[in-house]
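Engineer: Below you will find the structure I want to go over with you.
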Amino acid sequence: MLGLYIHIPFCKRKCFYCDFVSIEYLEELADNYLKALQIESLKYKNEKIDTIYIGGGTPSVLSVVQLEKLISLIKLNFDISNIQEYTIELNPESTTKEKLEFLYNSNISRISFGLQSIFNDNLNILGRLHNYEKFKSVYYCAKEVGFNNINIDLMYGIPNQNLQKWADTLKEVINLDSQHISLYPLTIEKNTLFYEKNIEPDTDLQAKMYNLACTTLKKNNFQHYEISNWAKENKYSRHNKLYWQNQKYIGLGTSAASYYNRYRYKNNTNVIQYIENLFNKKNIVTEKEYITDELYKEEKIMLGLRLNEGVDLKYFKDKKDVLDKYIMDKMLVVINNKVKFTEQALFISNTIISDLL
């Protein structure tokens, strides 16, 4: 399996919590960026791709003409004859029926909407540019166009978001009949407006929200297949599952990461420099690391434990004491030679994973 990720670093405006590499959308700059993507993709000419994920930033800020150029360069440079999943991220404020129809007719099989909350006051606090009514209009438009594999992103721990609002959000989104729901706790990162304002999420409340989500989604036939992700009818994200299974992927674009031919590497995070370097045939990779057998084992544990299917017991031979302790504490369990988190451990999973590395 080989995945392809393409980073589109443009937004209408940066959200107040976001630390992803993104800048304001300008048409000419986006045109040049697409030309740079075309040049970079030549490094992987004719690679057979199993999954594609176009993320950002906000890919939906691109015009229909620019989206057409993007889809064309993928077709031109990669073998996508046996593609299993083709995803693009969309934000409600920049999604139109014309764009949805083009994407559907281009064989995009899955879309991921950034909703975050059904409450407009929460959305305003986050710096989102849409309201809930706008989201619903583009969501139903996507279903009308023909999309039947739609993810909805939600955030919990937003300032002024209480447990009741969270319960109402879950109920409302479940009633939308989406096939996949991703839930993320608000985390405060450097170089964000929230960091400058010293905003600190209530982690105890976030834990209660997470537990409520686990219970609510299970009752409504969602499978909790990864720490932050729930899916219906095997509609899990095949592309993201590649990451968690430590399989190969190619990343195109500024800040994009790749795991390819035993190396893990990352591109330049400056959009302008990324473009200029490719135009001038200069290096765009700023970080590169060979994945040794030992490092592969550590990453297998770190990534694989996020999945409900767990990690083979053989990877824990050197950490038997730590493993036994967490099993005794009912944080980990071994089933069919697979080490898995118990439900009560999921919210503190990062701490447990660190101890096992």
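By convention in this document, the chains of the structure tokens carry letters A, B, ... by their order, each chain's residues are numbered from 1, and ligands are numbered from 1 in the order they are shown.
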If you run DSSP over the backbone, which residues in stretch 82-305 of chain A end up alpha helix (DSSP H)? Put them as an NGL selection string.
Structural biologist: :A and (97-105 or 120-126 or 132-145 or 163-175 or 193-196 or 203-219 or 238-244 or 271-279 or 293-304)
Engineer: Quick one: residues within 9 Å of stretch 39-48 of chain A, only C-alpha atoms counted, chain neighbours fewer than 6 positions away excluded, as a PDB file with all heavy atoms, in the first residue's frame?
Structural biologist:
ATOM      1  N   MET A   1       0.839  -1.200   0.000  1.00  0.00           N
ATOM      2  CA  MET A   1       0.000   0.000   0.000  1.00  0.00           C
ATOM      3  C   MET A   1       0.879   1.257   0.000  1.00  0.00           C
ATOM      4  O   MET A   1       1.853   1.345   0.725  1.00  0.00           O
ATOM      5  CB  MET A   1      -0.904   0.020   1.233  1.00  0.00           C
ATOM      6  CG  MET A   1      -1.980  -1.057   1.256  1.00  0.00           C
ATOM      7  SD  MET A   1      -3.380  -0.635   0.205  1.00  0.00           S
ATOM      8  CE  MET A   1      -4.195   0.629   1.182  1.00  0.00           C
ATOM      9  N   LEU A   2       0.501   2.226  -0.818  1.00  0.00           N
ATOM     10  CA  LEU A   2       1.217   3.490  -0.888  1.00  0.00           C
ATOM     11  C   LEU A   2       0.200   4.625  -0.955  1.00  0.00           C
ATOM     12  O   LEU A   2      -0.673   4.643  -1.828  1.00  0.00           O
ATOM     13  CB  LEU A   2       2.137   3.521  -2.106  1.00  0.00           C
ATOM     14  CG  LEU A   2       2.931   4.815  -2.346  1.00  0.00           C
ATOM     15  CD1 LEU A   2       3.902   5.077  -1.198  1.00  0.00           C
ATOM     16  CD2 LEU A   2       3.688   4.735  -3.667  1.00  0.00           C
ATOM     17  N   LEU A  73      -2.753  17.053 -12.589  1.00  0.00           N
ATOM     18  CA  LEU A  73      -1.345  16.715 -12.337  1.00  0.00           C
ATOM     19  C   LEU A  73      -1.219  15.387 -11.594  1.00  0.00           C
ATOM     20  O   LEU A  73      -0.231  14.658 -11.769  1.00  0.00           O
ATOM     21  CB  LEU A  73      -0.618  17.851 -11.612  1.00  0.00           C
ATOM     22  CG  LEU A  73      -0.814  18.104 -10.113  1.00  0.00           C
ATOM     23  CD1 LEU A  73       0.091  17.232  -9.259  1.00  0.00           C
ATOM     24  CD2 LEU A  73      -0.559  19.575  -9.788  1.00  0.00           C
ATOM     25  N   ILE A  74      -2.221  15.053 -10.784  1.00  0.00           N
ATOM     26  CA  ILE A  74      -2.221  13.747 -10.119  1.00  0.00           C
ATOM     27  C   ILE A  74      -2.373  12.644 -11.162  1.00  0.00           C
ATOM     28  O   ILE A  74      -1.621  11.660 -11.172  1.00  0.00           O
ATOM     29  CB  ILE A  74      -3.349  13.666  -9.071  1.00  0.00           C
ATOM     30  CG1 ILE A  74      -3.092  14.662  -7.935  1.00  0.00           C
ATOM     31  CG2 ILE A  74      -3.462  12.245  -8.508  1.00  0.00           C
ATOM     32  CD1 ILE A  74      -4.258  14.811  -6.964  1.00  0.00           C
ATOM     33  N   LEU A  76      -1.704  12.794 -14.304  1.00  0.00           N
ATOM     34  CA  LEU A  76      -0.585  12.814 -15.239  1.00  0.00           C
ATOM     35  C   LEU A  76       0.643  12.095 -14.688  1.00  0.00           C
ATOM     36  O   LEU A  76       1.367  11.418 -15.429  1.00  0.00           O
ATOM     37  CB  LEU A  76      -0.225  14.269 -15.583  1.00  0.00           C
ATOM     38  CG  LEU A  76       0.934  14.497 -16.557  1.00  0.00           C
ATOM     39  CD1 LEU A  76       0.567  13.968 -17.941  1.00  0.00           C
ATOM     40  CD2 LEU A  76       1.271  15.979 -16.627  1.00  0.00           C
ATOM     41  N   ASN A  77       0.882  12.206 -13.387  1.00  0.00           N
ATOM     42  CA  ASN A  77       2.152  11.760 -12.823  1.00  0.00           C
ATOM     43  C   ASN A  77       2.088  10.469 -12.017  1.00  0.00           C
ATOM     44  O   ASN A  77       3.130   9.895 -11.693  1.00  0.00           O
ATOM     45  CB  ASN A  77       2.747  12.873 -11.960  1.00  0.00           C
ATOM     46  CG  ASN A  77       3.119  14.087 -12.782  1.00  0.00           C
ATOM     47  OD1 ASN A  77       3.941  14.007 -13.682  1.00  0.00           O
ATOM     48  ND2 ASN A  77       2.480  15.218 -12.504  1.00  0.00           N
ATOM     49  N   PHE A  78       0.886  10.014 -11.685  1.00  0.00           N
ATOM     50  CA  PHE A  78       0.770   8.828 -10.850  1.00  0.00           C
ATOM     51  C   PHE A  78      -0.154   7.801 -11.498  1.00  0.00           C
ATOM     52  O   PHE A  78      -1.067   8.152 -12.248  1.00  0.00           O
ATOM     53  CB  PHE A  78       0.240   9.190  -9.459  1.00  0.00           C
ATOM     54  CG  PHE A  78       1.155  10.094  -8.685  1.00  0.00           C
ATOM     55  CD1 PHE A  78       0.964  11.468  -8.705  1.00  0.00           C
ATOM     56  CD2 PHE A  78       2.200   9.573  -7.947  1.00  0.00           C
ATOM     57  CE1 PHE A  78       1.807  12.309  -7.997  1.00  0.00           C
ATOM     58  CE2 PHE A  78       3.050  10.401  -7.241  1.00  0.00           C
ATOM     59  CZ  PHE A  78       2.858  11.769  -7.266  1.00  0.00           C
ATOM     60  N   ASP A  79       0.075   6.554 -11.166  1.00  0.00           N
ATOM     61  CA  ASP A  79      -0.807   5.474 -11.589  1.00  0.00           C
ATOM     62  C   ASP A  79      -1.899   5.327 -10.531  1.00  0.00           C
ATOM     63  O   ASP A  79      -1.647   4.844  -9.426  1.00  0.00           O
ATOM     64  CB  ASP A  79      -0.005   4.171 -11.723  1.00  0.00           C
ATOM     65  CG  ASP A  79      -0.874   2.979 -12.142  1.00  0.00           C
ATOM     66  OD1 ASP A  79      -2.115   3.130 -12.211  1.00  0.00           O
ATOM     67  OD2 ASP A  79      -0.315   1.891 -12.370  1.00  0.00           O
ATOM     68  N   ILE A  80      -3.106   5.766 -10.867  1.00  0.00           N
ATOM     69  CA  ILE A  80      -4.211   5.706  -9.901  1.00  0.00           C
ATOM     70  C   ILE A  80      -5.310   4.763 -10.406  1.00  0.00           C
ATOM     71  O   ILE A  80      -6.482   4.916 -10.069  1.00  0.00           O
ATOM     72  CB  ILE A  80      -4.789   7.110  -9.596  1.00  0.00           C
ATOM     73  CG1 ILE A  80      -5.281   7.796 -10.862  1.00  0.00           C
ATOM     74  CG2 ILE A  80      -3.738   7.971  -8.902  1.00  0.00           C
ATOM     75  CD1 ILE A  80      -6.025   9.110 -10.590  1.00  0.00           C
ATOM     76  N   SER A  81      -4.891   3.789 -11.205  1.00  0.00           N
ATOM     77  CA  SER A  81      -5.853   2.872 -11.820  1.00  0.00           C
ATOM     78  C   SER A  81      -6.569   1.996 -10.803  1.00  0.00           C
ATOM     79  O   SER A  81      -7.687   1.535 -11.056  1.00  0.00           O
ATOM     80  CB  SER A  81      -5.154   1.998 -12.861  1.00  0.00           C
ATOM     81  OG  SER A  81      -4.070   1.276 -12.280  1.00  0.00           O
ATOM     82  N   ASN A  82      -5.933   1.755  -9.647  1.00  0.00           N
ATOM     83  CA  ASN A  82      -6.552   0.894  -8.634  1.00  0.00           C
ATOM     84  C   ASN A  82      -6.753   1.638  -7.312  1.00  0.00           C
ATOM     85  O   ASN A  82      -6.613   1.069  -6.229  1.00  0.00           O
ATOM     86  CB  ASN A  82      -5.695  -0.357  -8.404  1.00  0.00           C
ATOM     87  CG  ASN A  82      -5.709  -1.288  -9.599  1.00  0.00           C
ATOM     88  OD1 ASN A  82      -6.761  -1.587 -10.147  1.00  0.00           O
ATOM     89  ND2 ASN A  82      -4.532  -1.725 -10.020  1.00  0.00           N
ATOM     90  N   ILE A  83      -7.085   2.914  -7.430  1.00  0.00           N
ATOM     91  CA  ILE A  83      -7.221   3.743  -6.228  1.00  0.00           C
ATOM     92  C   ILE A  83      -8.353   3.215  -5.345  1.00  0.00           C
ATOM     93  O   ILE A  83      -9.433   2.887  -5.823  1.00  0.00           O
ATOM     94  CB  ILE A  83      -7.463   5.218  -6.626  1.00  0.00           C
ATOM     95  CG1 ILE A  83      -7.134   6.160  -5.479  1.00  0.00           C
ATOM     96  CG2 ILE A  83      -8.854   5.439  -7.136  1.00  0.00           C
ATOM     97  CD1 ILE A  83      -5.674   6.387  -5.304  1.00  0.00           C
ATOM     98  N   ILE A 250       3.708   9.179   0.255  1.00  0.00           N
ATOM     99  CA  ILE A 250       4.402  10.286  -0.377  1.00  0.00           C
ATOM    100  C   ILE A 250       3.684  11.571  -0.002  1.00  0.00           C
ATOM    101  O   ILE A 250       2.450  11.640  -0.080  1.00  0.00           O
ATOM    102  CB  ILE A 250       4.406  10.128  -1.910  1.00  0.00           C
ATOM    103  CG1 ILE A 250       5.265   8.935  -2.328  1.00  0.00           C
ATOM    104  CG2 ILE A 250       4.889  11.400  -2.603  1.00  0.00           C
ATOM    105  CD1 ILE A 250       5.052   8.518  -3.777  1.00  0.00           C
ATOM    106  N   LEU A 252       3.401  15.610  -0.943  1.00  0.00           N
ATOM    107  CA  LEU A 252       3.741  16.695  -1.860  1.00  0.00           C
ATOM    108  C   LEU A 252       3.300  18.023  -1.268  1.00  0.00           C
ATOM    109  O   LEU A 252       2.234  18.111  -0.660  1.00  0.00           O
ATOM    110  CB  LEU A 252       3.036  16.507  -3.210  1.00  0.00           C
ATOM    111  CG  LEU A 252       3.345  15.257  -4.046  1.00  0.00           C
ATOM    112  CD1 LEU A 252       2.573  15.327  -5.365  1.00  0.00           C
ATOM    113  CD2 LEU A 252       4.830  15.105  -4.307  1.00  0.00           C
ATOM    114  N   GLY A 253       4.118  19.059  -1.485  1.00  0.00           N
ATOM    115  CA  GLY A 253       3.747  20.395  -1.040  1.00  0.00           C
ATOM    116  C   GLY A 253       4.578  20.864   0.139  1.00  0.00           C
ATOM    117  O   GLY A 253       5.299  20.087   0.769  1.00  0.00           O
ATOM    118  N   LEU A 278      11.797  24.889  -6.080  1.00  0.00           N
ATOM    119  CA  LEU A 278      11.427  23.966  -7.148  1.00  0.00           C
ATOM    120  C   LEU A 278      11.610  24.608  -8.521  1.00  0.00           C
ATOM    121  O   LEU A 278      12.086  23.948  -9.461  1.00  0.00           O
ATOM    122  CB  LEU A 278       9.993  23.483  -6.963  1.00  0.00           C
ATOM    123  CG  LEU A 278       9.849  22.385  -5.911  1.00  0.00           C
ATOM    124  CD1 LEU A 278       8.403  22.204  -5.494  1.00  0.00           C
ATOM    125  CD2 LEU A 278      10.397  21.057  -6.429  1.00  0.00           C
ATOM    126  N   PHE A 279      11.262  25.877  -8.645  1.00  0.00           N
ATOM    127  CA  PHE A 279      11.449  26.573  -9.925  1.00  0.00           C
ATOM    128  C   PHE A 279      12.934  26.650 -10.294  1.00  0.00           C
ATOM    129  O   PHE A 279      13.289  26.627 -11.472  1.00  0.00           O
ATOM    130  CB  PHE A 279      10.867  27.991  -9.854  1.00  0.00           C
ATOM    131  CG  PHE A 279       9.363  28.040  -9.958  1.00  0.00           C
ATOM    132  CD1 PHE A 279       8.603  26.893 -10.102  1.00  0.00           C
ATOM    133  CD2 PHE A 279       8.695  29.255  -9.921  1.00  0.00           C
ATOM    134  CE1 PHE A 279       7.219  26.936 -10.199  1.00  0.00           C
ATOM    135  CE2 PHE A 279       7.309  29.327 -10.026  1.00  0.00           C
ATOM    136  CZ  PHE A 279       6.571  28.160 -10.170  1.00  0.00           C
TER     137      PHE A 279
END
Engineer: Just the residues within 7 Å of A:Phe341, please, counting only C-alpha atoms, with nothing from its chain fewer than 2 positions along; format it as a PyMOL selection string.
Structural biologist: chain A and resi 331-333+343+345-346
Engineer: Suppose we keep C-alpha atoms; can you now write the selection as a PDB file, in the first residue's frame?
Structural biologist:
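result_10.pdb, written as the output of this step:
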ATOM      1  CA  MET A 331      -5.006   0.407  30.828  1.00  0.00           C
ATOM      2  CA  LEU A 332      -3.812  -2.201  28.329  1.00  0.00           C
ATOM      3  CA  VAL A 333      -5.101  -5.617  27.383  1.00  0.00           C
ATOM      4  CA  GLU A 343     -11.394   2.403  26.734  1.00  0.00           C
ATOM      5  CA  ALA A 345      -6.890   4.592  28.786  1.00  0.00           C
ATOM      6  CA  LEU A 346      -7.659   6.276  25.488  1.00  0.00           C
TER       7      LEU A 346
END
Engineer: Have a look at A:Arg110, A:His7, A:Lys241, A:Lys165 and name the one nearest to A:Tyr86; count only C-alpha atoms.
Structural biologist: A:Arg110
Engineer: My list of candidates is A:Gly146, A:Gly114, A:Gly251, A:Gly304. Which is closest to A:Lys134 when distances are computed with only C-alpha atoms?
Structural biologist: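 Nearest to A:Lys134: A:Gly114.
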Engineer: Which one of A:Leu183, A:Leu34, A:Leu212, A:Ile301 sits closest to A:Pro9 if you count only C-alpha atoms?
Structural biologist: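 Closest candidate: A:Leu34.
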Engineer: Find, counting only C-alpha atoms, the residue in A:Lys69, A:Lys282, A:Arg238, A:His180 that gets nearest to A:Tyr33.
Structural biologist: A:Lys69
Engineer: Could you pull out the residues in stretch 119-296 of chain A that DSSP calls strand (DSSP E or B) from the backbone, as a ChimeraX atom specification?
Structural biologist: /A:150-156,180-185,223-226,229-231,248-252,257-260,263-267,285-290
Engineer: Any idea what's packed within 6 Å of A:Tyr249, counting only C-alpha atoms, ignoring anything in its chain fewer than 2 positions away? Could you give it as JSON, numbers by chain?
Structural biologist: {"A": [2, 3, 4, 258, 259]}
Engineer: Mind checking which residues fall within 8 Å of A:Ser255, counting only C-alpha atoms, ignoring those fewer than 4 positions away in the same chain, and posting them as a list in words?
Structural biologist: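 Non-adjacent residues within range: His7, Val21, Lys266, Asn267, Asn268, Thr269 and Asn270 of chain A.
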Engineer: Restrict the selected residues to C-alpha atoms and save them as a PDB file, in the first residue's frame.
Structural biologist:
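Listed below is the output, part17.pdb:
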ATOM      1  CA  HIS A   7      -0.820  19.857   1.132  1.00  0.00           C
ATOM      2  CA  VAL A  21       1.375  25.688   7.586  1.00  0.00           C
ATOM      3  CA  LYS A 266       9.771  16.672   5.373  1.00  0.00           C
ATOM      4  CA  ASN A 267       9.566  19.561   2.930  1.00  0.00           C
ATOM      5  CA  ASN A 268      10.345  23.227   3.500  1.00  0.00           C
ATOM      6  CA  THR A 269       7.623  24.951   5.551  1.00  0.00           C
ATOM      7  CA  ASN A 270       7.934  28.346   3.798  1.00  0.00           C
TER       8      ASN A 270
END
Engineer: With distances taken over only C-alpha atoms, which of A:Ser237, A:Thr342, A:Asn229, A:Thr286 is nearest to A:Ala257?
Structural biologist: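 Looking at the shortest contact to A:Ala257, the residue is A:Thr286.
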Engineer: Which is closer to A:Glu298 than all the others in A:Gln223, A:Ser228, A:Ser354, A:Asn261, using only C-alpha atoms?
Structural biologist: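 Closest residue, counting only C-alpha atoms: A:Ser354.
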Engineer: Can you measure atom CA of A:Val65 to atom CA of A:Tyr140 for me? One decimal in Å is fine.
Structural biologist: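 Atom CA of A:Val65 sits 23.6 Å away from atom CA of A:Tyr140.
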